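J.: Let me give you the structure first, and then I'll get to my questions.
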Amino acid sequence: MSVALIVSGALAIGGALGVILARAPVHSVIALIVNFLGLAGVYLSLQAEFLAVAQVIVYAGAVMILFLFVIALLTVKREPMERLTARTAGRLPLNLLAAFAMAFLVVLAIVRSDPGGSVAVPSNFGTVRAMGETLLVTHVFPFEIAALVLLVAVVGVVVLVGRRPEKGRE
Amino acid sequence: MSLSVQGYLLLSAVISAIGLLGLLVRRNPLIMLMSVELMWGGGALAFIAFARHVGNMDGHAFAFFAMIVAAAEVAIGLALVVALFRGREAVDIDDIQLLKG
């Protein structure tokens, strides 16, 4: 296990912890970027070069910029503190229990499973050329559907937050 | 490259569990959305680990589609957050009870 992989995994887990432990949403955004960069490093160790680069561009670039804009829009005047009401505090133990139960079950399933020996991967595994063939030849129909999904998302965002022109005014 | 597929799956499970914990515990909708992003990332890591394990790149395609759907989801989710909390004082998900009878 190489040093780069250990560092990447530690960055991914540390960033994930930072997201849920930070008080201010801006700090969560920074931690999430760290998490995505760590995940990209882990992807590289799995020979998923294209996905590692796409991860950095799409997530650490575009999606987090979107988050930053919304945070700047919503929390420009006030400190966005979460109120720890009695209701919230009462739910906390049950929430912790649910999360740890899921983690316990998944880890148990992984540890007790037998994935079998690793298969020899083809020589062009994970290259951009092979990825393009997978996306645009083998799975071209889901690829087009994905484009439609993005179009629907864009139209939905405009419908949800776009300002409609007032009637009776030029 | 000596970490087995189970090691990657454990990393994926830990990240997903952290995301679930954040989603359940935090009350700020922005941080809850980021926790969902963590869970997407954990799931994609499992797909990529298995793709490497079986030597088939279909898992990469699935992780790519998951990335696209996650981007669409975060765009819609942030639009909802902006629409709901525009002009409100506190950003707290418990204030949203529009559908409560």
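Residue numbering restarts at 1 for every chain of the structure tokens, chains are lettered A, B, ... in their displayed order, and ligands are numbered from 1 as they appear.
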What are the residues of chain A that have an atom within 7 Å of an atom of chain B, counting only C-alpha atoms, as a PyMOL selection string?

T.: chain A and resi 1+13+16-17+20+25+28+45-46+51+63+74+80+82+92+95-96+99+102-103+106-107+110+118-122+134-135+146+150+153+156-157+160-161

J.: Apply DSSP to the structure's backbone, then extract all residues of range 33-118 of chain A labelled helix (DSSP H, G or I) and return them as a ChimeraX atom specification.

T.: /A:33-45,49-74,86-112

J.: Using Å and a single decimal, report how far CA of Phe50 in chain A sits from CA of Phe36 in chain A.

T.: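 Between these atoms lies a distance of 14.4 Å.
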
J.: Which is closer to Leu44 in chain A than all the others in A:Ala130, A:Val140, A:Val56, A:Val111, using only C-alpha atoms?

T.: A:Val56

J.: For Ile71 in chain A, please output as a list in words all residues within 9 Å (counting only C-alpha atoms; exclusion window: fewer than 4 positions along the same chain).

T.: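 Counting only the stated atoms, we get Pro25, Val26, Leu66, Phe67, Thr75 and Val76 of chain A; Leu30 of chain B.
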
J.: Using N, CA, C and O atoms, can you export the residues from the last selection as a PDB file, in the first residue's frame?

T.:
ATOM      1  N   PRO A  25     -21.225  26.723   7.310  1.00  0.00           N
ATOM      2  CA  PRO A  25     -21.295  25.995   6.035  1.00  0.00           C
ATOM      3  C   PRO A  25     -20.076  26.207   5.142  1.00  0.00           C
ATOM      4  O   PRO A  25     -19.701  25.304   4.384  1.00  0.00           O
ATOM      5  N   VAL A  26     -19.449  27.384   5.233  1.00  0.00           N
ATOM      6  CA  VAL A  26     -18.279  27.628   4.382  1.00  0.00           C
ATOM      7  C   VAL A  26     -17.158  26.645   4.720  1.00  0.00           C
ATOM      8  O   VAL A  26     -16.488  26.104   3.839  1.00  0.00           O
ATOM      9  N   LEU A  66     -21.089  26.243  -6.887  1.00  0.00           N
ATOM     10  CA  LEU A  66     -22.530  26.418  -6.702  1.00  0.00           C
ATOM     11  C   LEU A  66     -22.869  26.539  -5.219  1.00  0.00           C
ATOM     12  O   LEU A  66     -23.629  27.420  -4.799  1.00  0.00           O
ATOM     13  N   PHE A  67     -22.283  25.654  -4.407  1.00  0.00           N
ATOM     14  CA  PHE A  67     -22.524  25.720  -2.966  1.00  0.00           C
ATOM     15  C   PHE A  67     -22.078  27.073  -2.405  1.00  0.00           C
ATOM     16  O   PHE A  67     -22.790  27.690  -1.602  1.00  0.00           O
ATOM     17  N   THR A  75     -26.594  33.493   3.481  1.00  0.00           N
ATOM     18  CA  THR A  75     -26.060  33.823   4.797  1.00  0.00           C
ATOM     19  C   THR A  75     -25.234  35.092   4.743  1.00  0.00           C
ATOM     20  O   THR A  75     -24.246  35.222   5.443  1.00  0.00           O
ATOM     21  N   VAL A  76     -25.669  36.045   3.927  1.00  0.00           N
ATOM     22  CA  VAL A  76     -24.839  37.229   3.747  1.00  0.00           C
ATOM     23  C   VAL A  76     -24.896  38.120   4.988  1.00  0.00           C
ATOM     24  O   VAL A  76     -23.899  38.718   5.381  1.00  0.00           O
TER      25      VAL A  76
ATOM     26  N   LEU B  30     -27.925  23.182   3.840  1.00  0.00           N
ATOM     27  CA  LEU B  30     -26.734  23.168   2.986  1.00  0.00           C
ATOM     28  C   LEU B  30     -25.795  22.045   3.400  1.00  0.00           C
ATOM     29  O   LEU B  30     -25.268  21.301   2.568  1.00  0.00           O
TER      30      LEU B  30
END
